[in-house]
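Report on the following structure.
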There are 2 protein chains.
Amino acid sequence: MNTQPILIAGQWRQADARDSFHAVNPATGQPLPDRYPVSSYADCDAALTAATAAAAYLRSMPGDRIADFLEKYAERIERRSAELVETAQLETALPRAPRLAEVELPRTTNQMRQAAAAARDGSWRLPTIDTRANLRSCLAPLGPVCVFGPNNFPFAFGSVSGGDFAAAIAAGNPVIAKANTSHPATTRLLAEEALAAQQQTDMPPGTVQLLYRLDHADGLRLVGDRRVGASGYTGSRSAGLALKAAADAAGRPIYLELSSINPVVILPGALRERLEAIAEEFVGSGLLGTGQFCTSPGLLILIQDPASDTLLRLIGQKYGQASVGTLLSAGVAQSLGAGVAALVRAGARLAASSTTGPSDRFCHPNTLLVATARQFLLDPETMQTELFGNAALAVVADDVAQAVQVIGHLEGNLTGCIYSAASGADDPDYDRLAPGLRARVGRLLNDKMPTGVAVSPAMNHGGPYPATGHPGFTAVGIPAAIRRFAALHCYDQVRPHRLPECLRDGAPQTDMWRLVDGRWTQGDIAAR
Amino acid sequence: MNTQPILIAGQWRQADARDSFHAVNPATGQPLPDRYPVSSYADCDAALTAATAAAAYLRSMPGDRIADFLEKYAERIERRSAELVETAQLETALPRAPRLAEVELPRTTNQMRQAAAAARDGSWRLPTIDTRANLRSCLAPLGPVCVFGPNNFPFAFGSVSGGDFAAAIAAGNPVIAKANTSHPATTRLLAEEALAAQQQTDMPPGTVQLLYRLDHADGLRLVGDRRVGASGYTGSRSAGLALKAAADAAGRPIYLELSSINPVVILPGALRERLEAIAEEFVGSGLLGTGQFCTSPGLLILIQDPASDTLLRLIGQKYGQASVGTLLSAGVAQSLGAGVAALVRAGARLAASSTTGPSDRFCHPNTLLVATARQFLLDPETMQTELFGNAALAVVADDVAQAVQVIGHLEGNLTGCIYSAASGADDPDYDRLAPGLRARVGRLLNDKMPTGVAVSPAMNHGGPYPATGHPGFTAVGIPAAIRRFAALHCYDQVRPHRLPECLRDGAPQTDMWRLVDGRWTQGDIAAR
């Protein structure tokens, strides 16, 4: 069986394959030509051996060398962008432009360069020095990181190119990438560039490695392997929770980005001011990327009001008229259909549904469901079924008090939005609704839809369980995302020449910020 | 059955008890008079209801009000110190002075005041502002925190007074304390003062609550309850891992401090310079508190050398001559005896053992075991059995290469020490040994024993699994310990008057540090 080689210890080599698979073109439903291996644990083991050796070497590597690698890799991605976009388009059916070429690819290299800058600067380590006690601490690499990327961002969240990848590398860890099986060729091209950059900048051979697919049991074994420092996973809740259980049982940190329905509350005063614009924003955000974003607004919460009725009618019309996008895979289409059916069984009404026309592509009608808050409260669990794709549920509450109850039943989400009147007319209602929503989401927005996750130090792309596995961490935003892949290292009376550079008395050679005796400073440490 | 009342929602009330227990005086083996309840889940449920209400109130409470509470509580502890010390001495057999009165109690109130200062200042929240994107984020309270305290520090790690308690409160969370069952009366006195301080400073009734004991199943249910924000646990590995599994399965963060044998490597050059002093330091640290510290040095790693033999002889003599301290409980004494027996079965030799004399108190001879590195490497798991108490294992390696192998087999530990010659003669060996040890411990020390954990911002009282559940966090040291009990909250285009104080444009009213557009500043935000 001739399959594409895997990348282990700086070499492309045949996998010890149990089986093989091929990607599928979502626009035709037809298989793409290349076959990719399902690796056995022997491949994981080989990757772990090389990663362990790389980790020992990377641990003391200066940040600017790591930055060089990330920057070279970003350049190489840009040089190969046409082929990358073409390949990703075939595998995901996401539009070449603007999406892949003008939005996602630049975001990916920008993020990589931000990670490089952070690695060079070193402030992400939060170096903390107590001169009186001569105690010094900083964050430090924690060892090989396994990255499991999602299907919906082949570049920006890709296992060998995305946010978790860049963060893990910037922290000084090697990465074992597990490709998302919906876009193996895209991942292969990226890994080719990563390898070339790795060689060009003299990084150890096990810095970036790539496997395409694992049996379920081997995936669980991998994240729990004693040699693994941590794992990052973005994807479906069921697979993520299985990996979490395996990693938790072995005491290995795992960062997860699971499901999120991203509630959007729209208050009547806001609708009275700008109903049409809000309808437009909701439809634009909800159907963007055929709704296949972690932060796609999947739950609209309204208060009973004529304006709310009008809004729903208008959204329904737009959903019916909008062209129907192609979904990433047969699995996504099936899950979306099953989710819509579950909500209908729980009492939601199909308020709008477009037609898709006969086609072999993977798709689902644009769908708007409507339920009363009373129906929602009868079965809040089912009513929070994630509709990953071009469908959303609107819940209409009798009054603000009932909307507060709905919010009180929400699980953890990545985002939550409240639209309120610019006049201040909705402010008393906002004040009743916001505290409950705030506690249940990572990012709270005003008058703005949740899609569009800026790579900013102040971003939080995270949230309470089950949106993620821990409410204190973010997957997007540097330096915070880097700090996930780090261990806290304290040095107690360690002799000066043995300290890592960032903890020495002299001024850092970069603009690094250090917390010295309770003050943040970029300078050296005053003589004691 | 008349048992001491539990503290729920600001009231001392009878437990819904399944059973009762009493503490035992370790110095006599006799039960102490008071009986304490084993609560049913109805008590947990009542505590969670009150804590949830308190959390909603505390969430937006200014830091200085939380600081007032902690400071008033610290004052009250000091005013009642004589009774607290007396009671703790009866329940733990720890010496009144210096230990309880002069070391642990002042440490406890100092730590509480540091937490208060951090709450008042607000810098612990790491407020981060991106003015261009108008994204603002900070850490924020995450909800009720359950604290399970250990047996060995009735004040400083106590469930209602210690580091986890102070950190959780400083972050703005209510605490449900589960007393350590070895010192319920001490915990009760502390909770009385906490309640008085809570009333004095007008904190919500569910801020501090106390249960004494739970059935195993109820403990697991508690840490996994949806209403719990996070838990903190310090204690035995087996109980901790059961709680971890329950919390993990429910997606609730839990911070654990489990076992640690705290390896100490002593290189021959150091011994040639100051053998007697090192022996004295080791014995002093190892027998301090009858060895019942998380950071007690339990594993001595030596290189075959005449000086190493002399060191072991000297330590053995001192162990034999030192008076034998009283252990905290019958359970501690039993575990210690079982651990020593396990090591002997695995090949360790009993090199020194004191006599305890006939007594009803809980005790175990001061014990030094010796094994070769070869023996260690044959069964590294058993050889790392924690000897919690006055016993230690010395492992003698043939050479530095073999010592590197021993270190390579170590599990995660809180601390690791290397003693080397001041002359620099050991430096090449240090360089071979340090990287492996560094990766396996939270705090690396030079020429210093690990007991004595300063409450410093640069401290790390944490380490890789199984020392703790996550290598990135510390249980001691402010502000880092506070950040464990927090969620990351991002505000995206949220209107200025709705932002939390720490994220507004104006200069903070405290000395709070904020990361504004990549620069740490205490000032306001320049007009954009």
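In the structure tokens, chains take the letters A, B, ... in the order shown, each chain's residues start at 1, and ligands count up from 1 in the order shown.
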Taking only residues of region 399-502 of chain B that have an atom at most 9 Å from an atom of region 300-314 of chain B, what is each one's shortest atom pair and its distance in Å to one decimal, using only C-alpha atoms, in chain and number order, as a tab-separated table?
```
residue	atom	partner	partner_atom	distance
B:Asp399	CA	B:Ile303	CA	5.5
B:Val400	CA	B:Ile303	CA	6.5
B:Gln402	CA	B:Ile303	CA	8.7
B:Ala403	CA	B:Ile303	CA	7.2
B:Val406	CA	B:Ile301	CA	8.5
B:Ile407	CA	B:Ile301	CA	8.9
```
Write out as a PDB file with C-alpha atoms, in the first residue's frame which residues come within 12 Å of Leu343 (chain B) when counting only C-alpha atoms, dropping same-chain ones fewer than 6 positions away.
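What landed in result-v8.pdb:
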```pdb
ATOM      1  CA  LEU B 299      15.997  11.187  48.471  1.00  0.00           C
ATOM      2  CA  LEU B 336       5.776   5.528  56.969  1.00  0.00           C
ATOM      3  CA  GLY B 337       6.366   2.031  58.307  1.00  0.00           C
ATOM      4  CA  ARG B 349      19.521  -1.397  53.342  1.00  0.00           C
ATOM      5  CA  LEU B 350      18.599  -0.032  56.758  1.00  0.00           C
ATOM      6  CA  THR B 367      15.421   6.020  59.563  1.00  0.00           C
ATOM      7  CA  LEU B 368      18.110   6.214  56.919  1.00  0.00           C
ATOM      8  CA  LEU B 369      17.959   3.709  54.073  1.00  0.00           C
ATOM      9  CA  VAL B 370      20.724   3.219  51.535  1.00  0.00           C
ATOM     10  CA  ALA B 371      20.538   1.664  48.081  1.00  0.00           C
ATOM     11  CA  GLN B 375      19.083  -1.207  42.806  1.00  0.00           C
ATOM     12  CA  PHE B 376      17.174   2.019  42.274  1.00  0.00           C
ATOM     13  CA  ASP B 379      12.592  -0.704  40.409  1.00  0.00           C
ATOM     14  CA  PRO B 380      12.484   3.068  40.247  1.00  0.00           C
ATOM     15  CA  GLU B 381       8.787   3.205  41.021  1.00  0.00           C
ATOM     16  CA  THR B 382       9.045   1.453  44.387  1.00  0.00           C
ATOM     17  CA  MET B 383      12.282   3.246  45.162  1.00  0.00           C
ATOM     18  CA  GLN B 384      10.358   6.512  44.867  1.00  0.00           C
ATOM     19  CA  THR B 385       7.804   5.553  47.498  1.00  0.00           C
ATOM     20  CA  GLU B 386       7.224   8.705  49.483  1.00  0.00           C
ATOM     21  CA  LEU B 387       8.431   8.410  53.091  1.00  0.00           C
ATOM     22  CA  ALA B 391      12.950   8.710  57.061  1.00  0.00           C
ATOM     23  CA  ALA B 392      14.985   9.120  53.896  1.00  0.00           C
ATOM     24  CA  LEU B 393      16.605   7.030  51.208  1.00  0.00           C
ATOM     25  CA  ALA B 394      20.163   7.603  50.011  1.00  0.00           C
ATOM     26  CA  VAL B 395      21.046   6.298  46.555  1.00  0.00           C
TER      27      VAL B 395
END
```
Checklist entry - Taking only C-alpha atoms into account, what are the residues of chain A at most 7 Å from chain B, put as an NGL selection string? => result :A and (128-130 or 135-137 or 245 or 248-249 or 251 or 253 or 442-446 or 456-460 or 465-466 or 469-473 or 486-495 or 520)
Item to check | Residues flagged helix (DSSP H, G or I) by DSSP in region 143-243 of chain B, as number ranges by chain | outcome: B: 163-170, 184-200, 216-223, 237-243
Checklist entry - Within 9 Å of Tyr73 (chain A), counting only C-alpha atoms, which residues qualify if same-chain residues fewer than 5 places away don't, as a PyMOL selection string? => result chain A and resi 68+78+109+112+190+193-198
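You will find CA of Asp121 (chain A) at 19.7 Å from CA of Tyr57 (chain A).
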Next on the checklist: With DSSP run on the backbone, what are the strand (DSSP E or B) residues within region 339-458 of chain B? I'd like them as JSON, numbers by chain.
Outcome noted: {"B": [349, 350, 351, 352, 353, 367, 368, 369, 370, 371, 372, 391, 392, 393, 394, 395, 396, 397, 413, 414, 415, 416, 417, 418, 419, 441, 442, 443, 444, 445, 446]}
Checklist entry - Gly206 (chain B): which residues within 12 Å, counting only C-alpha atoms, same-chain residues fewer than 6 positions away excluded, as a PyMOL selection string? => result chain B and resi 7-12+46-58+143-145+169+173-177+194-195+198-199
Item to check | Which of B:Leu126, B:Val85, B:Ala97, B:Ala119 sits closest to Leu189 (chain B) [using only C-alpha atoms] | outcome: B:Val85
Next on the checklist: as an NGL selection string, please: the residues near Gly286 (chain B) (cut-off 10 Å, only C-alpha atoms, same-chain neighbours under 4 positions excluded).
Outcome noted: :B and (280-282 or 290-293 or 295-299 or 319 or 366 or 389-392 or 449-451)
Those residues you just picked out, can you put them in a file as a short mmCIF file (atom, residue, chain, number, x, y, z; two decimals), in the first residue's frame with C-alpha atoms?
```cif
data_model
loop_
_atom_site.label_atom_id
_atom_site.label_comp_id
_atom_site.auth_asym_id
_atom_site.auth_seq_id
_atom_site.Cartn_x
_atom_site.Cartn_y
_atom_site.Cartn_z
CA GLU B 280 24.03 18.92 59.69
CA GLU B 281 21.88 20.67 57.09
CA PHE B 282 20.48 17.43 55.74
CA THR B 290 9.49 15.09 62.09
CA GLY B 291 9.97 15.13 58.33
CA GLN B 292 6.34 15.98 57.71
CA PHE B 293 6.84 18.69 55.11
CA THR B 295 9.44 19.66 50.74
CA SER B 296 11.23 17.37 53.19
CA PRO B 297 14.36 15.94 51.53
CA GLY B 298 13.50 12.27 51.11
CA LEU B 299 16.00 11.19 48.47
CA TYR B 319 19.65 10.08 62.85
CA ASN B 366 14.46 8.15 62.54
CA GLY B 389 7.95 11.51 58.03
CA ASN B 390 11.37 11.07 59.60
CA ALA B 391 12.95 8.71 57.06
CA ALA B 392 14.98 9.12 53.90
CA MET B 449 17.97 22.23 51.64
CA PRO B 450 14.40 22.45 50.31
CA THR B 451 12.43 22.99 53.52
#
```
Next on the checklist: Give me the residues near region 357-362 of chain A as a VMD selection string, where near means some atom within 7 Å (using only C-alpha atoms) and where sequence neighbours in that chain fewer than 6 positions away do not count.
Outcome noted: chain A and resid 26 to 29 326 to 327 329 to 330 333
